[in-house]
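Have a look at target_15.txt below; it lists compact mmCIF, C-alpha atoms.
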# COMPACT_ATOMS: atom_id res chain seq x y z
CA MET A 265 -80.18 55.86 -185.16
CA LEU A 266 -78.93 54.13 -182.03
CA ALA A 267 -75.37 54.44 -180.91
CA ALA A 268 -74.39 53.02 -177.58
CA GLY A 269 -71.15 51.96 -175.96
CA VAL A 270 -71.14 51.23 -172.26
CA VAL A 271 -68.34 49.50 -170.40
CA ALA A 272 -67.96 49.52 -166.65
CA THR A 273 -64.36 50.29 -165.79
CA SER A 274 -62.31 52.38 -163.41
CA CYS A 275 -61.44 55.97 -164.23
CA GLY A 276 -59.48 58.08 -161.79
CA SER A 277 -58.82 57.17 -158.20
CA ASP A 278 -60.96 59.40 -156.03
CA ARG A 279 -63.66 56.95 -154.98
CA PRO A 280 -66.22 57.74 -153.59
CA PRO A 281 -67.64 59.50 -155.40
CA ASP A 282 -64.99 58.35 -157.85
CA SER A 283 -64.32 54.77 -156.82
CA ALA A 284 -63.85 51.58 -158.76
CA THR A 285 -66.38 50.35 -161.26
CA THR A 286 -68.81 47.49 -161.08
CA THR A 287 -72.20 46.37 -162.13
CA PRO A 288 -74.61 45.03 -159.48
CA ALA A 289 -73.42 41.45 -159.95
CA ALA A 290 -69.74 42.33 -159.49
CA THR A 291 -67.79 42.10 -156.23
CA ALA A 292 -64.55 43.53 -154.91
CA SER A 293 -62.68 40.57 -156.36
CA ALA A 294 -64.17 41.16 -159.78
CA PRO A 295 -64.71 44.91 -160.07
CA THR A 296 -64.98 45.15 -163.84
CA THR A 297 -67.99 43.83 -165.69
CA GLU A 298 -69.25 44.71 -169.13
CA ILE A 299 -72.70 46.22 -169.31
CA PRO A 300 -74.49 44.96 -172.44
CA PRO A 301 -74.87 47.68 -175.07
CA ALA A 302 -78.36 48.97 -175.67
CA THR A 303 -80.17 47.95 -178.78
CA ALA A 304 -83.22 49.24 -180.54
CA ASP A 305 -85.24 46.51 -178.81
CA SER A 306 -83.92 47.14 -175.30
CA ALA A 307 -85.38 50.46 -174.27
CA PRO A 308 -83.97 51.89 -171.02
CA PRO A 309 -86.11 52.06 -167.91
CA THR A 310 -88.17 55.14 -167.32
CA THR A 311 -89.40 56.89 -164.22
CA PRO A 312 -92.78 58.56 -163.82
CA ASP A 313 -91.27 61.99 -163.25
CA LEU A 314 -89.14 62.07 -166.40
CA ALA A 315 -90.95 63.43 -169.42
CA PRO A 316 -90.93 60.69 -172.11
CA ASP A 317 -91.74 60.85 -175.76
CA PRO A 318 -95.56 60.63 -175.81
CA THR A 319 -95.64 57.97 -178.52
CA SER A 320 -92.85 55.57 -177.55
CA GLY A 321 -91.88 56.35 -173.94
CA ALA A 322 -88.24 56.60 -175.02
CA ALA A 323 -86.07 59.61 -174.31
CA VAL A 324 -85.64 61.50 -177.55
CA ALA A 325 -84.31 64.85 -178.60
CA ASP A 326 -86.71 67.65 -179.33
CA GLU A 327 -86.36 68.21 -183.07
CA ASP A 328 -87.12 71.91 -182.61
CA ALA A 329 -84.66 72.36 -179.75
CA PRO A 330 -81.87 74.87 -180.32
CA SER A 331 -78.55 73.14 -181.00
CA ALA A 332 -76.42 76.12 -181.98
CA VAL A 333 -73.32 76.69 -179.85
CA ALA A 334 -73.02 80.10 -178.20
CA ALA A 335 -70.22 82.33 -179.41
CA ASP A 336 -68.22 81.93 -176.20
CA CYS A 337 -68.70 78.14 -176.01
CA ARG A 338 -67.59 75.02 -177.84
CA ARG A 339 -69.33 71.68 -177.89
CA LEU A 340 -67.77 69.04 -175.68
CA THR A 341 -70.23 66.38 -176.86
CA ASP A 342 -73.65 66.04 -178.45
CA PHE A 343 -73.69 62.22 -178.22
CA ASP A 344 -73.58 61.82 -181.96
CA GLY A 345 -71.34 59.21 -183.55
CA TYR A 346 -68.18 57.89 -181.90
CA GLU A 347 -68.48 60.17 -178.86
CA ALA A 348 -71.15 57.92 -177.36
CA ASP A 349 -68.70 55.02 -177.19
CA ARG A 350 -66.31 56.96 -174.98
CA TRP A 351 -68.63 57.21 -171.97
CA ILE A 352 -68.33 54.61 -169.20
CA VAL A 353 -70.30 53.75 -166.07
CA VAL A 354 -68.62 53.92 -162.65
CA ASN A 355 -70.56 52.33 -159.77
CA ASP A 356 -69.92 51.86 -156.04
CA GLY A 357 -69.59 48.05 -155.97
CA VAL A 358 -66.01 47.67 -154.74
CA MET A 359 -66.95 49.70 -151.67
CA GLY A 360 -69.62 47.13 -150.92
CA GLY A 361 -72.34 49.19 -152.55
CA ARG A 362 -75.11 47.86 -154.76
CA SER A 363 -75.99 50.94 -156.82
CA ASN A 364 -76.04 50.49 -160.55
CA GLY A 365 -76.23 52.74 -163.57
CA THR A 366 -76.72 52.19 -167.27
CA ILE A 367 -76.40 54.52 -170.23
CA THR A 368 -78.07 54.32 -173.60
CA VAL A 369 -77.79 56.75 -176.49
CA LEU A 370 -80.77 57.21 -178.78
CA ASP A 371 -81.28 60.01 -181.31
CA SER A 372 -78.20 61.84 -179.96
CA VAL A 373 -79.53 61.87 -176.38
CA MET A 374 -77.71 60.06 -173.57
CA ARG A 375 -80.05 58.55 -170.99
CA PHE A 376 -78.47 57.71 -167.62
CA THR A 377 -80.72 55.46 -165.54
CA GLY A 378 -80.42 53.02 -162.70
CA ASP A 379 -80.91 52.49 -159.00
CA VAL A 380 -79.13 54.10 -156.04
CA VAL A 381 -78.65 51.99 -152.90
CA THR A 382 -77.27 54.09 -150.05
CA ALA A 383 -76.23 51.16 -147.84
CA GLY A 384 -72.53 50.53 -148.39
CA GLY A 385 -72.03 53.02 -151.18
CA GLY A 386 -74.69 55.28 -152.55
CA PHE A 387 -73.50 56.53 -155.92
CA THR A 388 -73.29 55.76 -159.60
CA SER A 389 -71.85 57.90 -162.37
CA VAL A 390 -70.86 58.19 -166.01
CA ARG A 391 -67.42 59.40 -167.07
CA LEU A 392 -65.72 60.70 -170.18
CA ARG A 393 -61.94 60.56 -170.47
CA LEU A 394 -60.43 63.75 -171.92
CA ASP A 395 -57.23 64.25 -173.87
CA GLY A 396 -56.38 67.46 -171.99
CA THR A 397 -57.40 70.03 -174.60
CA GLU A 398 -61.20 70.01 -174.45
CA LEU A 399 -61.55 72.52 -171.59
CA VAL A 400 -58.56 74.77 -172.32
CA ASP A 401 -59.31 78.47 -171.72
CA THR A 402 -62.81 77.78 -170.37
CA THR A 403 -64.36 78.66 -167.02
CA ARG A 404 -67.66 76.76 -166.97
CA VAL A 405 -69.81 74.14 -168.65
CA GLU A 406 -73.40 74.24 -169.89
CA LEU A 407 -75.65 71.18 -170.27
CA ARG A 408 -79.08 70.70 -171.80
CA VAL A 409 -80.83 68.15 -169.60
CA ARG A 410 -84.16 66.59 -168.73
CA SER A 411 -84.34 65.19 -165.21
CA ASP A 412 -86.52 63.55 -162.59
CA GLN A 413 -85.67 66.37 -160.12
CA ARG A 414 -83.17 64.31 -158.15
CA ILE A 415 -79.83 65.96 -157.38
CA TYR A 416 -77.05 65.32 -159.89
CA GLY A 417 -73.48 66.58 -159.77
CA LEU A 418 -70.44 66.99 -161.97
CA THR A 419 -67.06 65.43 -161.27
CA LEU A 420 -63.86 66.53 -162.98
CA GLU A 421 -60.21 65.62 -162.69
CA ASP A 422 -56.96 67.28 -163.72
CA ASN A 423 -53.39 66.30 -162.79
CA ALA A 424 -53.68 67.25 -159.09
CA GLN A 425 -52.77 64.63 -156.48
CA ALA A 426 -53.00 64.38 -152.70
CA GLY A 427 -50.38 61.89 -151.58
CA GLN A 428 -50.56 59.08 -154.12
CA ARG A 429 -54.22 59.69 -154.94
CA ALA A 430 -55.76 61.66 -157.76
CA VAL A 431 -57.87 64.58 -156.61
CA SER A 432 -61.47 64.74 -157.81
CA TYR A 433 -63.39 67.99 -158.08
CA ARG A 434 -67.15 67.97 -157.59
CA ALA A 435 -70.20 70.24 -157.33
CA ASP A 436 -73.95 69.74 -157.58
CA LEU A 437 -75.89 70.89 -160.61
CA THR A 438 -78.80 73.28 -160.22
CA ILE A 439 -81.56 72.03 -162.52
CA ASP A 440 -84.43 74.49 -162.71
CA GLU A 441 -87.93 73.95 -164.01
CA ALA A 442 -88.22 72.94 -167.65
CA ASP A 443 -87.80 75.57 -170.36
CA ASP A 444 -90.24 73.82 -172.69
CA THR A 445 -93.18 71.43 -172.70
CA ASP A 446 -90.89 68.46 -173.37
CA GLY A 447 -89.13 68.91 -170.05
CA TRP A 448 -85.75 70.19 -171.26
CA THR A 449 -83.76 72.89 -169.52
CA THR A 450 -80.24 74.30 -169.73
CA THR A 451 -78.04 74.40 -166.65
CA GLU A 452 -74.49 75.56 -166.08
CA LEU A 453 -71.72 75.09 -163.54
CA SER A 454 -68.67 77.27 -162.97
CA PHE A 455 -65.36 75.54 -162.36
CA ALA A 456 -64.92 77.93 -159.42
CA ASP A 457 -67.71 76.02 -157.64
CA LEU A 458 -65.84 72.69 -157.77
CA ARG A 459 -64.40 71.41 -154.50
CA PRO A 460 -61.47 68.95 -154.23
CA SER A 461 -61.76 65.60 -152.50
CA VAL A 462 -60.19 62.16 -152.27
CA PHE A 463 -62.40 59.17 -151.50
CA GLY A 464 -65.21 61.62 -150.87
CA GLN A 465 -63.28 63.50 -148.17
CA PRO A 466 -62.27 67.16 -148.61
CA VAL A 467 -58.57 67.76 -149.21
CA ASP A 468 -56.29 70.77 -149.54
CA ALA A 469 -55.58 71.07 -153.25
CA PRO A 470 -55.23 73.80 -155.89
CA PRO A 471 -58.38 74.91 -157.72
CA PHE A 472 -59.43 72.79 -160.67
CA ASP A 473 -57.32 73.57 -163.75
CA PRO A 474 -59.37 73.23 -166.96
CA ASP A 475 -56.19 73.43 -169.05
CA GLU A 476 -55.13 70.09 -167.52
CA ALA A 477 -58.53 68.38 -167.48
CA SER A 478 -58.37 64.61 -167.81
CA GLU A 479 -61.91 63.47 -166.97
CA PHE A 480 -65.48 64.78 -166.99
CA GLY A 481 -68.34 63.01 -165.24
CA ILE A 482 -71.95 63.16 -164.12
CA ILE A 483 -72.81 61.58 -160.76
CA ILE A 484 -75.85 60.90 -158.61
CA ALA A 485 -75.06 60.59 -154.90
CA ASP A 486 -77.92 62.43 -153.25
CA GLY A 487 -78.37 60.18 -150.24
CA ARG A 488 -81.67 58.74 -151.48
CA ASP A 489 -82.49 55.16 -152.38
CA GLY A 490 -84.40 54.40 -155.53
CA ASP A 491 -84.60 54.68 -159.30
CA PHE A 492 -83.34 57.68 -161.23
CA ALA A 493 -83.28 58.93 -164.81
CA LEU A 494 -81.44 61.80 -166.46
CA ASP A 495 -81.36 62.72 -170.16
CA VAL A 496 -78.49 64.80 -171.55
CA ASP A 497 -78.77 66.38 -175.01
CA TRP A 498 -75.42 68.18 -175.20
CA ILE A 499 -72.56 69.57 -173.11
CA ASP A 500 -70.69 72.80 -173.92
CA ALA A 501 -67.47 74.19 -172.48
CA CYS A 502 -67.61 77.98 -172.23
CA ARG A 503 -65.34 80.91 -171.46
Written as structure tokens, how would this file's structure read?
Amino acid sequence: MLAAGVVATSCGSDRPPDSATTTPAATASAPTTEIPPATADSAPPTTPDLAPDPTSGAAVADEDAPSAVAADCRRLTDFDGYEADRWIVVNDGVMGGRSNGTITVLDSVMRFTGDVVTAGGGFTSVRLRLDGTELVDTTRVELRVRSDQRIYGLTLEDNAQAGQRAVSYRADLTIDEADDTDGWTTTELSFADLRPSVFGQPVDAPPFDPDEASEFGIIIADGRDGDFALDVDWIDACR
């Protein structure tokens, strides 16, 4: 089953790393461009370092992988059904950047791929708008991922502002060596590790408040040019 919904649009106002949204062909005067949905015949790009399915090359879920939610966690998303349509791509185009990202969802796995161009920008990300209840009474998130060993981070927003700008909270993920032969591993990030910023610059703001969470995102802004690929199987919010 293939479920994909990808629209480039602006979410939040802390850019970078949370700036306006474009695809590579867009400019500052036209920052919003639709990215064509993936289809069964349009497999996403792969990179040599990302473990593919040995028969098709596509990123797929390990059928034997554990999917149970821990007792102190609840599932934020497993990319099954309508949830896949709620994720959007946010690139660096309005800043003059030329990075681009694309997401596809296949067999309940979200694959985030693209190309980072550091000149003029240097980031691309995927975001999920929240209704404010998903992270209530939690202190951290866990993700099951398969990566190319580049550095990825999380970005979150609540209702905090600095001046007239929304504050973005960000921290890098630590992705260890794979737990299994298919390349999957589980990583976690505490909300206490998030640091506030506006337009990529540190600001004085209260700690991130999960009870007021409005956006969750995954970003690559590691200062390196080139292709990237990250698979995400599920995301849990935990106490």
- Task: Considering only C-alpha atoms, return as a ChimeraX atom specification whatever protein or nucleic-acid residues lie within 9 Å of Val431 of chain A, sequence-local ones (same chain, fewer than 5 positions apart) excluded.
- Result: /A:276-278,420-426,460-463,467,469
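With atom CA of Arg488 of chain A on one side and atom CA of Leu437 of chain A on the other, the separation reads 16.3 Å.
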- Selection: 8 Å around segment 390-402 of chain A, only C-alpha atoms, excl. self and same-chain fewer than 5 positions, as an MDAnalysis selection string: chainID A and resid 275 340 350:354 367 376 474:483 501:503
Output C-alpha atoms for every residue in the selection just made, as a short mmCIF file (atom, residue, chain, number, x, y, z; two decimals), in the coordinates of the input.
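Once everything was written out, this is result-v2.cif:
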data_model
loop_
_atom_site.label_atom_id
_atom_site.label_comp_id
_atom_site.auth_asym_id
_atom_site.auth_seq_id
_atom_site.Cartn_x
_atom_site.Cartn_y
_atom_site.Cartn_z
CA CYS A 275 -61.44 55.97 -164.23
CA LEU A 340 -67.77 69.04 -175.68
CA ARG A 350 -66.31 56.96 -174.98
CA TRP A 351 -68.63 57.21 -171.97
CA ILE A 352 -68.33 54.61 -169.20
CA VAL A 353 -70.30 53.75 -166.07
CA VAL A 354 -68.62 53.92 -162.65
CA ILE A 367 -76.40 54.52 -170.23
CA PHE A 376 -78.47 57.71 -167.62
CA PRO A 474 -59.37 73.23 -166.96
CA ASP A 475 -56.19 73.43 -169.05
CA GLU A 476 -55.13 70.09 -167.52
CA ALA A 477 -58.53 68.38 -167.48
CA SER A 478 -58.37 64.61 -167.81
CA GLU A 479 -61.91 63.47 -166.97
CA PHE A 480 -65.48 64.78 -166.99
CA GLY A 481 -68.34 63.01 -165.24
CA ILE A 482 -71.95 63.16 -164.12
CA ILE A 483 -72.81 61.58 -160.76
CA ALA A 501 -67.47 74.19 -172.48
CA CYS A 502 -67.61 77.98 -172.23
CA ARG A 503 -65.34 80.91 -171.46
#
- Query: Near Arg339 of chain A, counting all atoms listed in the file, which residues have an atom at most 12 Å away, once you skip same-chain residues fewer than 4 positions from it, shown as a PyMOL selection string?
  - Reply: chain A and resi 331-335+343-344+347+398-399+402+405-408+497-503
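Of note, atom CA of Asp486 of chain A and atom CA of Ser389 of chain A are spaced 11.9 Å apart.
Taking atom CA of Leu370 of chain A as the reference point, atom CA of Ala485 of chain A is found at 24.8 Å.
The neighbours of Val496 of chain A here are the residues that come within 8 Å of it, using all atoms listed in the file and leaving out any residue fewer than 5 positions away in the same chain; they are Val373, Met374, Arg375, Leu407, Arg408, Val409 and Arg410 of chain A.
Taking only C-alpha atoms, the non-local environment of Thr438 of chain A within 10 Å (same-chain residues fewer than 5 positions away omitted) comprises Gln413, Ile415, Tyr416, Gly417, Thr450, Thr451, Glu452 and Leu453 of chain A.
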- Task: Please work out which residues fall within 12 Å of (-88.8, 73.7, -161.9), coordinates as given in the file, with all atoms listed in the file counting, and return them as a ChimeraX atom specification.
- Result: /A:410-414,438-445,447-451
- Message: With distances taken over all atoms listed in the file, which residue among A:Ser372, A:Arg404, A:Met359, A:Gln465 lies nearest Arg429 of chain A?
- Response: A:Gln465
- Item | Nearest candidate to Asp436 of chain A (options A:Val369, A:Pro466, A:Asp336, A:Ile484; using all atoms listed in the file) | A:Ile484
